[in-house]
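Peer 1: Below is the file final.tsv, with TSV, C-alpha atoms.
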chain	number	residue	atom	x	y	z
A	25	ASN	CA	36.44	34.95	23.28
A	26	ALA	CA	35.21	37.70	21.01
A	27	GLY	CA	34.51	36.80	17.42
A	28	VAL	CA	35.92	38.43	14.32
A	29	MET	CA	35.32	42.16	14.66
A	30	GLN	CA	34.81	44.37	11.64
A	31	ASN	CA	34.29	48.08	11.55
A	32	PRO	CA	32.61	50.10	10.46
A	33	ARG	CA	29.45	48.07	9.83
A	34	HIS	CA	28.28	50.59	7.25
A	35	LEU	CA	30.39	52.99	5.23
A	36	VAL	CA	29.22	55.56	2.70
A	37	ARG	CA	31.75	57.16	0.40
A	38	ARG	CA	31.47	59.50	-2.52
A	39	ARG	CA	33.05	58.50	-5.79
A	40	GLY	CA	36.77	59.22	-5.72
A	41	GLN	CA	37.15	59.00	-1.95
A	42	GLU	CA	39.08	56.36	-0.05
A	43	ALA	CA	37.50	53.56	1.97
A	44	ARG	CA	39.28	51.85	4.86
A	45	LEU	CA	37.79	48.68	6.29
A	46	ARG	CA	39.17	47.18	9.48
A	47	CYS	CA	39.19	43.63	10.77
A	48	SER	CA	40.38	42.23	14.09
A	49	PRO	CA	40.68	38.43	13.96
A	50	MET	CA	39.67	36.10	16.72
A	51	LYS	CA	42.22	35.74	19.50
A	52	GLY	CA	44.84	33.18	18.57
A	53	HIS	CA	44.05	33.27	14.85
A	54	SER	CA	47.02	33.93	12.62
A	55	HIS	CA	45.27	33.95	9.24
A	56	VAL	CA	43.02	36.70	7.89
A	57	TYR	CA	40.98	36.54	4.71
A	58	TRP	CA	38.93	39.18	2.93
A	59	TYR	CA	35.91	38.32	0.80
A	60	ARG	CA	33.53	40.49	-1.18
A	61	GLN	CA	29.87	39.82	-1.84
A	62	LEU	CA	28.28	41.73	-4.67
A	63	PRO	CA	24.47	41.93	-4.77
A	64	GLU	CA	22.84	38.61	-5.70
A	65	GLU	CA	26.18	36.81	-5.75
A	66	GLY	CA	28.20	34.50	-3.52
A	67	LEU	CA	31.27	35.51	-1.59
A	68	LYS	CA	34.40	35.96	-3.67
A	69	PHE	CA	37.88	35.53	-2.23
A	70	MET	CA	40.04	38.64	-2.39
A	71	VAL	CA	43.17	38.22	-0.26
A	72	TYR	CA	44.75	36.00	2.39
A	73	LEU	CA	47.21	37.44	4.90
A	74	GLN	CA	49.28	36.40	7.87
A	75	LYS	CA	50.98	38.88	10.17
A	76	GLU	CA	53.04	41.26	8.02
A	77	ASN	CA	52.70	39.01	4.96
A	78	ILE	CA	50.35	38.79	2.01
A	79	ILE	CA	50.11	35.09	1.18
A	80	ASP	CA	47.62	35.12	-1.69
A	81	GLU	CA	46.11	38.18	-3.35
A	82	SER	CA	44.86	36.45	-6.47
A	83	GLY	CA	41.32	37.78	-5.96
A	84	MET	CA	42.25	41.41	-5.49
A	85	PRO	CA	41.61	43.87	-8.30
A	86	LYS	CA	44.95	44.99	-9.69
A	87	GLU	CA	44.35	48.66	-9.09
A	88	ARG	CA	43.02	50.76	-6.20
A	89	PHE	CA	42.77	47.85	-3.75
A	90	SER	CA	45.35	46.96	-1.11
A	91	ALA	CA	45.43	45.02	2.13
A	92	GLU	CA	47.71	44.75	5.11
A	93	PHE	CA	47.91	42.88	8.40
A	94	PRO	CA	50.53	44.65	10.50
A	95	LYS	CA	52.38	43.19	13.45
A	96	GLU	CA	50.20	45.25	15.76
A	97	GLY	CA	46.61	46.20	15.12
A	98	PRO	CA	43.84	45.09	12.82
A	99	SER	CA	43.97	44.06	9.21
A	100	ILE	CA	43.05	46.88	6.83
A	101	LEU	CA	41.44	46.63	3.41
A	102	ARG	CA	41.95	49.89	1.58
A	103	ILE	CA	40.09	50.98	-1.53
A	104	GLN	CA	41.33	54.14	-3.19
A	105	GLN	CA	39.26	56.34	-5.50
A	106	VAL	CA	36.11	54.31	-4.98
A	107	VAL	CA	33.65	53.82	-7.82
A	108	ARG	CA	29.99	52.76	-7.72
A	109	GLY	CA	30.94	49.20	-8.68
A	110	ASP	CA	32.84	48.88	-5.39
A	111	SER	CA	29.53	48.95	-3.51
A	112	ALA	CA	29.30	45.57	-1.83
A	113	ALA	CA	29.50	43.75	1.47
A	114	TYR	CA	33.08	43.07	2.51
A	115	PHE	CA	33.62	40.19	4.91
A	116	CYS	CA	36.69	39.35	6.89
A	117	ALA	CA	37.36	35.86	8.19
A	118	SER	CA	40.06	34.38	10.39
A	119	SER	CA	41.37	30.93	11.18
A	120	PRO	CA	44.12	29.39	13.25
A	121	TRP	CA	47.13	27.81	11.58
A	122	MET	CA	46.18	24.66	9.66
A	123	ASN	CA	42.58	24.79	10.81
A	124	THR	CA	39.98	24.25	8.17
A	125	GLU	CA	37.10	26.31	9.50
A	126	ALA	CA	37.18	30.04	8.89
A	127	PHE	CA	35.09	32.29	11.12
A	128	PHE	CA	33.52	35.36	9.63
A	129	GLY	CA	32.84	38.84	10.92
A	130	GLN	CA	29.55	40.62	10.37
A	131	GLY	CA	30.85	42.50	7.38
A	132	THR	CA	31.19	46.10	6.26
A	133	ARG	CA	28.59	47.31	3.82
A	134	LEU	CA	30.19	49.86	1.54
A	135	THR	CA	27.95	52.18	-0.45
A	136	VAL	CA	29.49	54.48	-3.02
A	137	VAL	CA	27.31	57.44	-3.95
B	14	ASP	CA	34.43	29.88	-14.19
B	15	GLN	CA	32.14	28.86	-11.34
B	16	GLN	CA	34.01	26.05	-9.58
B	17	VAL	CA	31.34	25.58	-6.91
B	18	LYS	CA	27.73	25.58	-8.05
B	19	GLN	CA	24.47	25.69	-6.18
B	20	ASN	CA	21.90	25.34	-8.90
B	21	SER	CA	18.83	25.94	-6.77
B	22	PRO	CA	18.57	29.60	-5.78
B	23	SER	CA	15.69	28.85	-3.45
B	24	LEU	CA	14.00	26.00	-1.60
B	25	SER	CA	10.78	25.95	0.38
B	26	VAL	CA	10.11	23.21	2.96
B	27	GLN	CA	7.46	22.63	5.58
B	28	GLU	CA	8.42	22.66	9.23
B	29	GLY	CA	9.37	19.20	10.48
B	30	ARG	CA	10.24	17.87	7.03
B	31	ILE	CA	13.68	17.28	5.57
B	32	SER	CA	15.56	20.05	3.73
B	33	ILE	CA	18.11	18.91	1.15
B	34	LEU	CA	20.48	21.48	-0.27
B	35	ASN	CA	22.76	20.49	-3.12
B	36	CYS	CA	26.17	21.59	-4.31
B	37	ASP	CA	28.38	20.56	-7.22
B	38	TYR	CA	32.04	21.31	-7.79
B	39	THR	CA	34.39	21.00	-10.70
B	40	ASN	CA	37.89	21.32	-9.20
B	41	SER	CA	39.24	17.88	-8.26
B	42	MET	CA	41.89	19.54	-6.06
B	43	PHE	CA	39.26	20.53	-3.48
B	44	ASP	CA	39.77	18.39	-0.40
B	45	TYR	CA	37.59	20.06	2.21
B	46	PHE	CA	34.00	21.20	2.01
B	47	LEU	CA	32.01	23.42	4.29
B	48	TRP	CA	28.48	24.70	4.67
B	49	TYR	CA	27.75	28.17	5.99
B	50	LYS	CA	24.45	29.71	6.95
B	51	LYS	CA	23.83	33.41	6.48
B	52	TYR	CA	21.11	35.69	7.76
B	53	PRO	CA	20.52	39.09	6.12
B	54	ALA	CA	23.00	41.79	7.20
B	55	GLU	CA	25.14	39.26	9.07
B	56	GLY	CA	28.29	37.34	8.31
B	57	PRO	CA	28.25	33.66	7.33
B	58	THR	CA	28.14	31.23	10.25
B	59	PHE	CA	29.94	27.91	9.99
B	60	LEU	CA	27.57	24.94	10.13
B	61	ILE	CA	29.30	21.71	9.25
B	62	SER	CA	32.19	20.44	7.17
B	63	ILE	CA	33.53	17.28	5.60
B	64	SER	CA	36.94	16.10	4.50
B	65	SER	CA	37.37	14.40	1.15
B	66	ILE	CA	38.42	11.21	2.93
B	67	LYS	CA	34.91	10.82	4.31
B	68	ASP	CA	31.53	10.45	2.67
B	69	LYS	CA	29.32	11.53	5.55
B	70	ASN	CA	29.49	13.80	8.56
B	71	GLU	CA	26.68	14.33	11.03
B	72	ASP	CA	26.12	16.99	13.67
B	73	GLY	CA	22.75	17.02	15.34
B	74	ARG	CA	20.07	17.87	12.79
B	75	PHE	CA	22.67	18.52	10.08
B	76	THR	CA	24.28	15.88	7.90
B	77	VAL	CA	26.58	16.45	4.96
B	78	PHE	CA	27.10	13.80	2.31
B	79	LEU	CA	29.98	13.80	-0.15
B	80	ASN	CA	30.05	11.87	-3.43
B	81	LYS	CA	33.55	12.41	-4.80
B	82	SER	CA	33.03	10.49	-8.02
B	83	ALA	CA	30.09	12.74	-8.88
B	84	LYS	CA	31.76	15.84	-7.39
B	85	HIS	CA	28.58	16.44	-5.47
B	86	LEU	CA	27.72	17.19	-1.89
B	87	SER	CA	24.48	17.76	-0.08
B	88	LEU	CA	23.33	19.15	3.24
B	89	HIS	CA	20.40	17.48	4.95
B	90	ILE	CA	18.52	19.25	7.71
B	91	VAL	CA	16.02	17.16	9.61
B	92	PRO	CA	13.67	18.11	11.07
B	93	SER	CA	13.59	21.56	9.50
B	94	GLN	CA	12.67	24.46	11.78
B	95	PRO	CA	11.53	28.02	10.98
B	96	GLY	CA	14.79	29.35	12.43
B	97	ASP	CA	16.64	27.48	9.70
B	98	SER	CA	15.31	29.94	7.15
B	99	ALA	CA	18.43	31.60	5.76
B	100	VAL	CA	20.80	31.52	2.81
B	101	TYR	CA	23.05	28.46	2.78
B	102	PHE	CA	26.43	28.61	1.10
B	103	CYS	CA	28.50	25.66	0.06
B	104	ALA	CA	32.27	26.29	0.12
B	105	ALA	CA	35.36	24.32	-0.82
B	106	SER	CA	39.06	24.60	-0.18
B	107	ALA	CA	42.26	23.03	-1.45
B	108	LYS	CA	44.63	23.32	1.49
B	109	LEU	CA	47.66	21.94	-0.27
B	110	LEU	CA	47.53	24.80	-2.72
B	111	THR	CA	47.22	27.47	-0.06
B	112	GLY	CA	50.01	26.46	2.28
B	113	GLY	CA	47.92	25.72	5.33
B	114	GLY	CA	45.48	28.53	4.92
B	115	ASN	CA	41.81	28.23	4.18
B	116	LYS	CA	41.02	30.11	0.99
B	117	LEU	CA	37.41	29.23	0.28
B	118	THR	CA	35.56	29.10	-3.01
B	119	PHE	CA	31.86	29.71	-2.45
B	120	GLY	CA	28.76	28.78	-4.34
B	121	THR	CA	26.10	31.40	-5.00
B	122	GLY	CA	23.86	30.21	-2.18
B	123	THR	CA	20.42	28.69	-1.74
B	124	GLN	CA	17.70	30.60	0.08
B	125	LEU	CA	15.91	28.14	2.37
B	126	LYS	CA	12.46	29.02	3.64
B	127	VAL	CA	10.92	26.78	6.27
B	128	GLU	CA	7.20	27.33	6.45
B	129	LEU	CA	4.90	26.62	9.37
The structure in this file should be written as structure tokens.

Peer 2:
Amino acid sequence: NAGVMQNPRHLVRRRGQEARLRCSPMKGHSHVYWYRQLPEEGLKFMVYLQKENIIDESGMPKERFSAEFPKEGPSILRIQQVVRGDSAAYFCASSPWMNTEAFFGQGTRLTVV
Amino acid sequence: DQQVKQNSPSLSVQEGRISILNCDYTNSMFDYFLWYKKYPAEGPTFLISISSIKDKNEDGRFTVFLNKSAKHLSLHIVPSQPGDSAVYFCAASAKLLTGGGNKLTFGTGTQLKVEL
């Protein structure tokens, strides 16, 4: 059973470009979460999704950021018009329904130049 | 507002001795607590967890203690091994508020170094 798969592992974007981060949850997991880790900080919750539904996006910046988890395919975290402050490690996690442990992917390290 | 706090950014322990990592929380709605271990350039790996209805959970060399009245939990690693050197994150969730999901609030982490 493959773990949570994130790609790309590293992403470099120029200011103003768009960044798309992909996450495939573990098989059988219906919940996907996105977290962001800024340098020297802990992980901060961004958004929680189930298939075709955003359940909780209280941690998402109001502008430029969006997330989806379509019926088919991976979950996508999209950052439009990236700025240097978006440089961070973005982690995806998944869990089964009503399970308390969330399993993390290896992360995507976004660098905005 | 930091709802989960790890006040020690780093801890150094000798191999074979006990490592004790501490975590405090402020939100009384948290009902599940987890510890994750993280190596550089990797994602967090789940270690051990505890429900608020318990005060202790043990798994091999790892034991987590929960003191609800003090809103404090700790992770004990004994004996400590060099491979335990990593950043340890404490996390908490309030499942009733998230409808069955597992939105986690993380502390800022403690860097554990186990020396030979």

Peer 1: Could you please tell me, as a ChimeraX atom specification, which residues of chain A have an atom within 6 Å of chain B when using only C-alpha atoms?

Peer 2: /A:65-67,122,124,128-131

Peer 1: Got time to write the residues from that selection, C-alpha atoms, as a short mmCIF file (atom, residue, chain, number, x, y, z; two decimals), keeping the file's coordinate frame?

Peer 2:
data_model
loop_
_atom_site.label_atom_id
_atom_site.label_comp_id
_atom_site.auth_asym_id
_atom_site.auth_seq_id
_atom_site.Cartn_x
_atom_site.Cartn_y
_atom_site.Cartn_z
CA GLU A 65 26.18 36.81 -5.75
CA GLY A 66 28.20 34.50 -3.52
CA LEU A 67 31.27 35.51 -1.59
CA MET A 122 46.18 24.66 9.66
CA THR A 124 39.98 24.25 8.17
CA PHE A 128 33.52 35.36 9.63
CA GLY A 129 32.84 38.84 10.92
CA GLN A 130 29.55 40.62 10.37
CA GLY A 131 30.85 42.50 7.38
#

Peer 1: Could you check how far CA of Pro53 (chain B) sits from CA of Gly96 (chain B), in Å to one decimal?

Peer 2: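 CA of Gly96 (chain B) lies 12.9 Å from CA of Pro53 (chain B).
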
Peer 1: From the list A:Ser54, A:Asn31, A:Ser111, A:Ser99, which residue is nearest Ala126 (chain A) when using all atoms listed in the file?

Peer 2: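 Answer, going by the shortest atom-to-atom distance: A:Ser54.
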
Peer 1: What is the CA of Pro85 (chain A) to CA of Tyr101 (chain B) distance in Å?

Peer 2: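 CA of Pro85 (chain A) sits 26.5 Å away from CA of Tyr101 (chain B).
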
Peer 1: Applying 7 Å and only C-alpha atoms, which residues near Arg74 (chain B) remain after dropping the ones on its own chain fewer than 5 positions away? List them as a PyMOL selection string.

Peer 2: chain B and resi 90-92

Peer 1: For Phe127 (chain A), which residue among A:Ile100, A:Val36, A:Leu62, A:Val56 is the nearest when counting only C-alpha atoms?

Peer 2: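 Using only C-alpha atoms, Phe127 (chain A) sits closest to A:Val56.
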
Peer 1: Work out how far apart CA of Ala83 (chain B) and CA of Thr39 (chain B) are and give it in Å to one decimal.

Peer 2: 9.5 Å

Peer 1: For Val106 (chain A), find every residue with an atom within 12 Å (counting only C-alpha atoms), except residues of its own chain fewer than 3 positions away, and show them as a PyMOL selection string.

Peer 2: chain A and resi 35-44+87-89+102-103+109-112+134-137

Peer 1: Give me the residues within 10 Å of Met84 (chain A) as a PyMOL selection string, counting all atoms listed in the file and dropping any in the same chain fewer than 2 places off.

Peer 2: chain A and resi 58-60+68-72+80-82+86-91

Peer 1: Under the rule that all atoms listed in the file are counted, which of A:Lys95, A:Ala26, A:Asn77, A:Trp121 is the nearest residue to Lys51 (chain A)?

Peer 2: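 Closest to Lys51 (chain A) of all the choices is A:Ala26.
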
Peer 1: Around the point (34.0, 8.9, 2.1) (coordinates from the file), which residues reach within 9 Å if we count all atoms listed in the file? Answer as a tab-separated table (two decimals) with C-alpha atoms, in the coordinates of the input.

Peer 2:
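The resulting file, result_29.tsv, is reproduced below:
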chain	number	residue	atom	x	y	z
B	64	SER	CA	36.94	16.10	4.50
B	65	SER	CA	37.37	14.40	1.15
B	66	ILE	CA	38.42	11.21	2.93
B	67	LYS	CA	34.91	10.82	4.31
B	68	ASP	CA	31.53	10.45	2.67
B	69	LYS	CA	29.32	11.53	5.55
B	78	PHE	CA	27.10	13.80	2.31
B	79	LEU	CA	29.98	13.80	-0.15
B	80	ASN	CA	30.05	11.87	-3.43
B	81	LYS	CA	33.55	12.41	-4.80

Peer 1: Given the choices A:Glu64, A:Tyr57, A:Gln74, A:Pro120, which gets closest to Val100 (chain B) if the distance is worked out from all atoms listed in the file?

Peer 2: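 Smallest distance to Val100 (chain B) is found for A:Glu64.
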
Peer 1: Using only C-alpha atoms, which residues sit within 9 Å of Val26 (chain B) once same-chain residues fewer than 4 positions away are excluded, as an MDAnalysis selection string?

Peer 2: chainID B and resid 30:32 93 125:129

Peer 1: May I have the residues from that selection written out with C-alpha atoms, as a PDB file, keeping the file's coordinate frame?

Peer 2:
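Done, and the output landed in out_22.pdb:
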ATOM      1  CA  ARG B  30      10.240  17.870   7.030  1.00  0.00           C
ATOM      2  CA  ILE B  31      13.680  17.280   5.570  1.00  0.00           C
ATOM      3  CA  SER B  32      15.560  20.050   3.730  1.00  0.00           C
ATOM      4  CA  SER B  93      13.590  21.560   9.500  1.00  0.00           C
ATOM      5  CA  LEU B 125      15.910  28.140   2.370  1.00  0.00           C
ATOM      6  CA  LYS B 126      12.460  29.020   3.640  1.00  0.00           C
ATOM      7  CA  VAL B 127      10.920  26.780   6.270  1.00  0.00           C
ATOM      8  CA  GLU B 128       7.200  27.330   6.450  1.00  0.00           C
ATOM      9  CA  LEU B 129       4.900  26.620   9.370  1.00  0.00           C
TER      10      LEU B 129
END

Peer 1: Can you tell me which residues surround Tyr38 (chain B) at a distance of at most 7 Å, considering only C-alpha atoms, apart from same-chain residues fewer than 6 positions away, and format the answer as a PyMOL selection string?

Peer 2: chain B and resi 16-18+84-85

Peer 1: How about saving the chosen residues, C-alpha atoms kept, as a PDB file, in the frame of the given file?

Peer 2:
ATOM      1  CA  GLN B  16      34.010  26.050  -9.580  1.00  0.00           C
ATOM      2  CA  VAL B  17      31.340  25.580  -6.910  1.00  0.00           C
ATOM      3  CA  LYS B  18      27.730  25.580  -8.050  1.00  0.00           C
ATOM      4  CA  LYS B  84      31.760  15.840  -7.390  1.00  0.00           C
ATOM      5  CA  HIS B  85      28.580  16.440  -5.470  1.00  0.00           C
TER       6      HIS B  85
END

Peer 1: Can you give me N, CA and C atoms for region 23-41 of chain B, written as a PDB file, keeping the file's coordinate frame?

Peer 2:
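What ended up in result-v3.pdb:
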ATOM      1  N   SER B  23      16.594  28.813  -4.584  1.00  0.00           N
ATOM      2  CA  SER B  23      15.690  28.850  -3.450  1.00  0.00           C
ATOM      3  C   SER B  23      15.066  27.481  -3.228  1.00  0.00           C
ATOM      4  N   LEU B  24      14.630  27.267  -1.982  1.00  0.00           N
ATOM      5  CA  LEU B  24      14.000  26.000  -1.600  1.00  0.00           C
ATOM      6  C   LEU B  24      13.008  26.314  -0.487  1.00  0.00           C
ATOM      7  N   SER B  25      11.809  25.756  -0.621  1.00  0.00           N
ATOM      8  CA  SER B  25      10.780  25.950   0.380  1.00  0.00           C
ATOM      9  C   SER B  25      10.378  24.603   0.955  1.00  0.00           C
ATOM     10  N   VAL B  26      10.377  24.489   2.280  1.00  0.00           N
ATOM     11  CA  VAL B  26      10.110  23.210   2.960  1.00  0.00           C
ATOM     12  C   VAL B  26       9.168  23.469   4.128  1.00  0.00           C
ATOM     13  N   GLN B  27       8.342  22.484   4.427  1.00  0.00           N
ATOM     14  CA  GLN B  27       7.460  22.630   5.580  1.00  0.00           C
ATOM     15  C   GLN B  27       8.198  22.267   6.871  1.00  0.00           C
ATOM     16  N   GLU B  28       7.842  22.941   7.927  1.00  0.00           N
ATOM     17  CA  GLU B  28       8.420  22.660   9.230  1.00  0.00           C
ATOM     18  C   GLU B  28       8.283  21.181   9.577  1.00  0.00           C
ATOM     19  N   GLY B  29       9.376  20.597  10.082  1.00  0.00           N
ATOM     20  CA  GLY B  29       9.370  19.200  10.480  1.00  0.00           C
ATOM     21  C   GLY B  29       9.819  18.247   9.378  1.00  0.00           C
ATOM     22  N   ARG B  30       9.816  18.730   8.133  1.00  0.00           N
ATOM     23  CA  ARG B  30      10.240  17.870   7.030  1.00  0.00           C
ATOM     24  C   ARG B  30      11.742  18.017   6.806  1.00  0.00           C
ATOM     25  N   ILE B  31      12.257  17.235   5.866  1.00  0.00           N
ATOM     26  CA  ILE B  31      13.680  17.280   5.570  1.00  0.00           C
ATOM     27  C   ILE B  31      13.982  18.362   4.516  1.00  0.00           C
ATOM     28  N   SER B  32      15.054  19.106   4.742  1.00  0.00           N
ATOM     29  CA  SER B  32      15.560  20.050   3.730  1.00  0.00           C
ATOM     30  C   SER B  32      16.823  19.435   3.149  1.00  0.00           C
ATOM     31  N   ILE B  33      16.918  19.428   1.826  1.00  0.00           N
ATOM     32  CA  ILE B  33      18.110  18.910   1.150  1.00  0.00           C
ATOM     33  C   ILE B  33      18.640  19.993   0.230  1.00  0.00           C
ATOM     34  N   LEU B  34      19.840  20.447   0.544  1.00  0.00           N
ATOM     35  CA  LEU B  34      20.480  21.480  -0.270  1.00  0.00           C
ATOM     36  C   LEU B  34      21.657  20.842  -1.007  1.00  0.00           C
ATOM     37  N   ASN B  35      21.768  21.145  -2.273  1.00  0.00           N
ATOM     38  CA  ASN B  35      22.760  20.490  -3.120  1.00  0.00           C
ATOM     39  C   ASN B  35      23.857  21.426  -3.591  1.00  0.00           C
ATOM     40  N   CYS B  36      24.996  20.821  -3.890  1.00  0.00           N
ATOM     41  CA  CYS B  36      26.170  21.590  -4.310  1.00  0.00           C
ATOM     42  C   CYS B  36      27.023  20.713  -5.211  1.00  0.00           C
ATOM     43  N   ASP B  37      27.491  21.273  -6.313  1.00  0.00           N
ATOM     44  CA  ASP B  37      28.380  20.560  -7.220  1.00  0.00           C
ATOM     45  C   ASP B  37      29.682  21.340  -7.361  1.00  0.00           C
ATOM     46  N   TYR B  38      30.770  20.624  -7.596  1.00  0.00           N
ATOM     47  CA  TYR B  38      32.040  21.310  -7.790  1.00  0.00           C
ATOM     48  C   TYR B  38      32.771  20.702  -8.973  1.00  0.00           C
ATOM     49  N   THR B  39      33.691  21.459  -9.505  1.00  0.00           N
ATOM     50  CA  THR B  39      34.390  21.000 -10.700  1.00  0.00           C
ATOM     51  C   THR B  39      35.888  20.764 -10.454  1.00  0.00           C
ATOM     52  N   ASN B  40      36.453  21.406  -9.438  1.00  0.00           N
ATOM     53  CA  ASN B  40      37.890  21.320  -9.200  1.00  0.00           C
ATOM     54  C   ASN B  40      38.224  20.089  -8.375  1.00  0.00           C
ATOM     55  N   SER B  41      38.917  19.121  -8.971  1.00  0.00           N
ATOM     56  CA  SER B  41      39.240  17.880  -8.260  1.00  0.00           C
ATOM     57  C   SER B  41      40.293  18.078  -7.179  1.00  0.00           C
TER      58      SER B  41
END
